[in-house]
Amino acid sequence: MTPTLIGTKVGMTSIIVDGGRVEPVTVIKAGPCVVLQVKTKETDSYDAVQLGFDDVKPHRSTKAMIGHAGKAGTGPKRFVREARLDEPAELAAGAVLTVGAFAEGVEYVDVIGTTKGKGYQGVMKRHGFGGMSASHGTERKHRTSGGIGGNAPRGTGQSVKKGKRMAGHMGSTRVTVPSLKLIRVDEEHDLLVIRGSVPGANGSSVYIRKSKKRG
């Protein structure tokens with residue numbers, strides 16, 4: 001099975017690597033994750049394992065989740081995620097996965113998370129627009145997008161083209177950052193030290209897997 005874990009982002013720091021270089025890194029608390037369910041092509045039409053991470057009190061969960069986790073011999077989990085597989089898993093429900101799976105020759109990982117939500121933003125912050133002129137004649141319009149219906153094709157009038165960059169909701173989207181180098185694996189404290197930044201705020205959940213592009 002491809003090394004896969006669910007974790008939470010601890011935060012960013014910097015470390016000194018070989019040669020005296022300072023590397024910016026992100027620390028992730030990954031696992032231990034419990035296998036809640038194993039899916040196969042015979043029963044579910046595809047191969048996958050369902051992972052659960054971070055215990056949650058039963059009164060903060062649902063009866064369905066409590067019963068589902070109970071079949072694997074564990075309690076309800078705060079985060080549940082399914083990992084698709086190309087071949088049947090060699091694991092059984094109730095198995096525990098730790099960061100030790102990444103210590104065995106994994107050099108690069110993909111990290112999936114949800115970016116920080118920025119709320120409703122204008123075009124300058126959301127898309128990097130330059131804004132209107134600050135000279136005479138521009139009154140309270142410095143940060144607007146300007147005309148939005150120009151250059152429409154003949155026969156459609158001043159309609160707004162599909163995909164026009166405008167003000168709107170920014171952030172809080174699912175993002176995959178591929179091929180981040182795995183600097184260190186701390187099996188004692190269940191930590192992964194990854195070079196660079198990963199999406200999300202400190203304390204948010206992330207999904208870590210062996211890189212699909214680079215081994």
# chains A, B, ... in the order shown; residues from 1 in each chain; ligands from 1
$ residues_around --residues "region 83-97 of chain A" --least-positions-apart "3" --cutoff "12 Å" --atoms "only C-alpha atoms" --output "NGL selection string"
:A and (1-7 or 30-53 or 68-75 or 80 or 100-102 or 187 or 190 or 207-210)
$ atom_distance --atom1 "CA of Asp55 (chain A)" --atom2 "CA of Ala201 (chain A)"
20.4 Å
$ residues_around --residues "Val111 (chain A)" --least-positions-apart "4" --cutoff "9 Å" --atoms "only C-alpha atoms" --output "list in words"
Val175, Thr176, Val177, Pro178, Ser179, Leu180, Val198, Pro199, Val206, Tyr207, Ile208, Arg209, Lys210 and Ser211 of chain A
$ write_last_selection --atoms "C-alpha atoms" --output "mmCIF file, in the first residue's frame"
data_model
loop_
_atom_site.group_PDB
_atom_site.id
_atom_site.type_symbol
_atom_site.label_atom_id
_atom_site.label_comp_id
_atom_site.auth_asym_id
_atom_site.auth_seq_id
_atom_site.Cartn_x
_atom_site.Cartn_y
_atom_site.Cartn_z
ATOM 1 C CA VAL A 175 -5.376 22.415 -2.692
ATOM 2 C CA THR A 176 -2.795 19.740 -3.459
ATOM 3 C CA VAL A 177 0.873 20.712 -3.149
ATOM 4 C CA PRO A 178 2.873 18.027 -4.974
ATOM 5 C CA SER A 179 6.417 16.753 -4.571
ATOM 6 C CA LEU A 180 7.490 18.341 -1.273
ATOM 7 C CA VAL A 198 1.520 23.419 3.070
ATOM 8 C CA PRO A 199 -2.052 24.745 2.740
ATOM 9 C CA VAL A 206 -4.004 17.639 6.070
ATOM 10 C CA TYR A 207 -3.681 14.477 4.023
ATOM 11 C CA ILE A 208 -0.180 13.196 3.299
ATOM 12 C CA ARG A 209 0.712 10.562 0.733
ATOM 13 C CA LYS A 210 3.799 9.396 -1.129
ATOM 14 C CA SER A 211 4.366 11.616 -4.151
#
$ select_by_dssp --residues "chain A" --states "strand (DSSP E)" --output "number ranges by chain"
A: 4-16, 22-30, 33-39, 48-55, 77-84, 96-97, 108-114, 117-121, 168-171, 174-186, 191-195, 205-210
$ closest_residue --among "A:Ser172, A:Val17, A:Leu182, A:Val10" --to "Val109 (chain A)" --atoms "only C-alpha atoms"
A:Leu182
$ decode --residues "region 156-191 of chain A" --atoms "N, CA, C and O atoms" --output "mmCIF file, in the first residue's frame"
data_model
loop_
_atom_site.group_PDB
_atom_site.id
_atom_site.type_symbol
_atom_site.label_atom_id
_atom_site.label_comp_id
_atom_site.auth_asym_id
_atom_site.auth_seq_id
_atom_site.Cartn_x
_atom_site.Cartn_y
_atom_site.Cartn_z
ATOM 1 N N THR A 156 -24.384 39.696 -28.576
ATOM 2 C CA THR A 156 -24.632 39.338 -27.171
ATOM 3 C C THR A 156 -24.756 40.564 -26.286
ATOM 4 O O THR A 156 -25.061 40.436 -25.103
ATOM 5 N N GLY A 157 -24.495 41.752 -26.831
ATOM 6 C CA GLY A 157 -24.590 42.958 -26.022
ATOM 7 C C GLY A 157 -23.460 43.028 -25.015
ATOM 8 O O GLY A 157 -22.422 42.368 -25.147
ATOM 9 N N GLN A 158 -23.658 43.816 -23.979
ATOM 10 C CA GLN A 158 -22.622 43.990 -22.961
ATOM 11 C C GLN A 158 -22.737 42.911 -21.880
ATOM 12 O O GLN A 158 -22.855 43.196 -20.695
ATOM 13 N N SER A 159 -22.711 41.683 -22.292
ATOM 14 C CA SER A 159 -22.793 40.576 -21.340
ATOM 15 C C SER A 159 -21.424 40.299 -20.745
ATOM 16 O O SER A 159 -20.390 40.566 -21.362
ATOM 17 N N VAL A 160 -21.407 39.749 -19.551
ATOM 18 C CA VAL A 160 -20.159 39.416 -18.868
ATOM 19 C C VAL A 160 -19.689 38.041 -19.334
ATOM 20 O O VAL A 160 -20.446 37.064 -19.282
ATOM 21 N N LYS A 161 -18.474 37.972 -19.800
ATOM 22 C CA LYS A 161 -17.952 36.711 -20.295
ATOM 23 C C LYS A 161 -17.757 35.708 -19.164
ATOM 24 O O LYS A 161 -17.422 36.072 -18.037
ATOM 25 N N LYS A 162 -17.948 34.445 -19.487
ATOM 26 C CA LYS A 162 -17.741 33.378 -18.519
ATOM 27 C C LYS A 162 -16.261 33.327 -18.121
ATOM 28 O O LYS A 162 -15.371 33.367 -18.973
ATOM 29 N N GLY A 163 -16.008 33.254 -16.831
ATOM 30 C CA GLY A 163 -14.636 33.217 -16.342
ATOM 31 C C GLY A 163 -14.056 34.585 -16.044
ATOM 32 O O GLY A 163 -12.868 34.679 -15.693
ATOM 33 N N LYS A 164 -14.859 35.640 -16.173
ATOM 34 C CA LYS A 164 -14.371 36.987 -15.891
ATOM 35 C C LYS A 164 -13.919 37.086 -14.432
ATOM 36 O O LYS A 164 -14.637 36.690 -13.511
ATOM 37 N N ARG A 165 -12.736 37.602 -14.218
ATOM 38 C CA ARG A 165 -12.204 37.732 -12.860
ATOM 39 C C ARG A 165 -12.844 38.927 -12.160
ATOM 40 O O ARG A 165 -12.676 40.067 -12.590
ATOM 41 N N MET A 166 -13.552 38.626 -11.084
ATOM 42 C CA MET A 166 -14.274 39.656 -10.364
ATOM 43 C C MET A 166 -14.095 39.444 -8.869
ATOM 44 O O MET A 166 -13.442 38.491 -8.426
ATOM 45 N N ALA A 167 -14.686 40.337 -8.083
ATOM 46 C CA ALA A 167 -14.653 40.183 -6.639
ATOM 47 C C ALA A 167 -15.488 38.971 -6.237
ATOM 48 O O ALA A 167 -16.425 38.574 -6.924
ATOM 49 N N GLY A 168 -15.150 38.364 -5.109
ATOM 50 C CA GLY A 168 -15.900 37.198 -4.660
ATOM 51 C C GLY A 168 -15.206 36.504 -3.507
ATOM 52 O O GLY A 168 -14.240 37.013 -2.915
ATOM 53 N N HIS A 169 -15.686 35.298 -3.209
ATOM 54 C CA HIS A 169 -15.140 34.538 -2.094
ATOM 55 C C HIS A 169 -13.720 34.075 -2.406
ATOM 56 O O HIS A 169 -13.436 33.603 -3.503
ATOM 57 N N MET A 170 -12.834 34.223 -1.437
ATOM 58 C CA MET A 170 -11.424 33.905 -1.635
ATOM 59 C C MET A 170 -10.964 32.915 -0.566
ATOM 60 O O MET A 170 -11.291 33.053 0.617
ATOM 61 N N GLY A 171 -10.227 31.930 -0.974
ATOM 62 C CA GLY A 171 -9.682 30.952 -0.036
ATOM 63 C C GLY A 171 -10.666 29.859 0.301
ATOM 64 O O GLY A 171 -11.714 29.697 -0.325
ATOM 65 N N SER A 172 -10.313 29.058 1.322
ATOM 66 C CA SER A 172 -11.138 27.945 1.790
ATOM 67 C C SER A 172 -11.415 26.952 0.668
ATOM 68 O O SER A 172 -12.541 26.497 0.477
ATOM 69 N N THR A 173 -10.369 26.625 -0.099
ATOM 70 C CA THR A 173 -10.497 25.665 -1.192
ATOM 71 C C THR A 173 -9.499 24.525 -0.999
ATOM 72 O O THR A 173 -8.462 24.691 -0.366
ATOM 73 N N ARG A 174 -9.824 23.384 -1.549
ATOM 74 C CA ARG A 174 -8.967 22.203 -1.441
ATOM 75 C C ARG A 174 -7.794 22.343 -2.412
ATOM 76 O O ARG A 174 -7.987 22.563 -3.610
ATOM 77 N N VAL A 175 -6.585 22.221 -1.893
ATOM 78 C CA VAL A 175 -5.376 22.415 -2.692
ATOM 79 C C VAL A 175 -4.418 21.247 -2.459
ATOM 80 O O VAL A 175 -4.251 20.789 -1.326
ATOM 81 N N THR A 176 -3.819 20.783 -3.538
ATOM 82 C CA THR A 176 -2.795 19.740 -3.459
ATOM 83 C C THR A 176 -1.442 20.341 -3.808
ATOM 84 O O THR A 176 -1.269 20.894 -4.895
ATOM 85 N N VAL A 177 -0.493 20.252 -2.896
ATOM 86 C CA VAL A 177 0.873 20.712 -3.149
ATOM 87 C C VAL A 177 1.730 19.471 -3.406
ATOM 88 O O VAL A 177 1.971 18.683 -2.488
ATOM 89 N N PRO A 178 2.168 19.265 -4.648
ATOM 90 C CA PRO A 178 2.873 18.027 -4.974
ATOM 91 C C PRO A 178 4.381 18.106 -4.742
ATOM 92 O O PRO A 178 4.984 19.180 -4.727
ATOM 93 N N SER A 179 4.963 16.949 -4.561
ATOM 94 C CA SER A 179 6.417 16.753 -4.571
ATOM 95 C C SER A 179 7.164 17.652 -3.586
ATOM 96 O O SER A 179 8.106 18.363 -3.955
ATOM 97 N N LEU A 180 6.746 17.650 -2.322
ATOM 98 C CA LEU A 180 7.490 18.341 -1.273
ATOM 99 C C LEU A 180 8.490 17.369 -0.664
ATOM 100 O O LEU A 180 8.159 16.218 -0.392
ATOM 101 N N LYS A 181 9.691 17.851 -0.444
ATOM 102 C CA LYS A 181 10.732 16.959 0.056
ATOM 103 C C LYS A 181 10.531 16.665 1.539
ATOM 104 O O LYS A 181 10.290 17.561 2.343
ATOM 105 N N LEU A 182 10.618 15.397 1.879
ATOM 106 C CA LEU A 182 10.489 14.962 3.264
ATOM 107 C C LEU A 182 11.861 15.044 3.924
ATOM 108 O O LEU A 182 12.779 14.292 3.591
ATOM 109 N N ILE A 183 12.011 15.988 4.859
ATOM 110 C CA ILE A 183 13.309 16.240 5.482
ATOM 111 C C ILE A 183 13.590 15.272 6.628
ATOM 112 O O ILE A 183 14.694 14.737 6.760
ATOM 113 N N ARG A 184 12.580 15.036 7.471
ATOM 114 C CA ARG A 184 12.821 14.234 8.672
ATOM 115 C C ARG A 184 11.546 13.509 9.097
ATOM 116 O O ARG A 184 10.439 14.018 8.909
ATOM 117 N N VAL A 185 11.711 12.312 9.665
ATOM 118 C CA VAL A 185 10.603 11.531 10.209
ATOM 119 C C VAL A 185 10.905 11.237 11.668
ATOM 120 O O VAL A 185 11.903 10.598 11.983
ATOM 121 N N ASP A 186 10.049 11.723 12.556
ATOM 122 C CA ASP A 186 10.219 11.515 13.999
ATOM 123 C C ASP A 186 9.164 10.515 14.457
ATOM 124 O O ASP A 186 8.017 10.862 14.744
ATOM 125 N N GLU A 187 9.561 9.228 14.507
ATOM 126 C CA GLU A 187 8.620 8.178 14.867
ATOM 127 C C GLU A 187 8.229 8.249 16.338
ATOM 128 O O GLU A 187 7.126 7.836 16.711
ATOM 129 N N GLU A 188 9.114 8.768 17.182
ATOM 130 C CA GLU A 188 8.812 8.832 18.611
ATOM 131 C C GLU A 188 7.658 9.781 18.901
ATOM 132 O O GLU A 188 6.818 9.518 19.785
ATOM 133 N N HIS A 189 7.599 10.902 18.170
ATOM 134 C CA HIS A 189 6.568 11.905 18.425
ATOM 135 C C HIS A 189 5.548 11.992 17.286
ATOM 136 O O HIS A 189 4.732 12.919 17.265
ATOM 137 N N ASP A 190 5.591 11.052 16.331
ATOM 138 C CA ASP A 190 4.650 11.015 15.206
ATOM 139 C C ASP A 190 4.673 12.321 14.406
ATOM 140 O O ASP A 190 3.628 12.898 14.096
ATOM 141 N N LEU A 191 5.869 12.780 14.052
ATOM 142 C CA LEU A 191 6.014 14.046 13.337
ATOM 143 C C LEU A 191 6.672 13.831 11.979
ATOM 144 O O LEU A 191 7.564 12.980 11.830
#
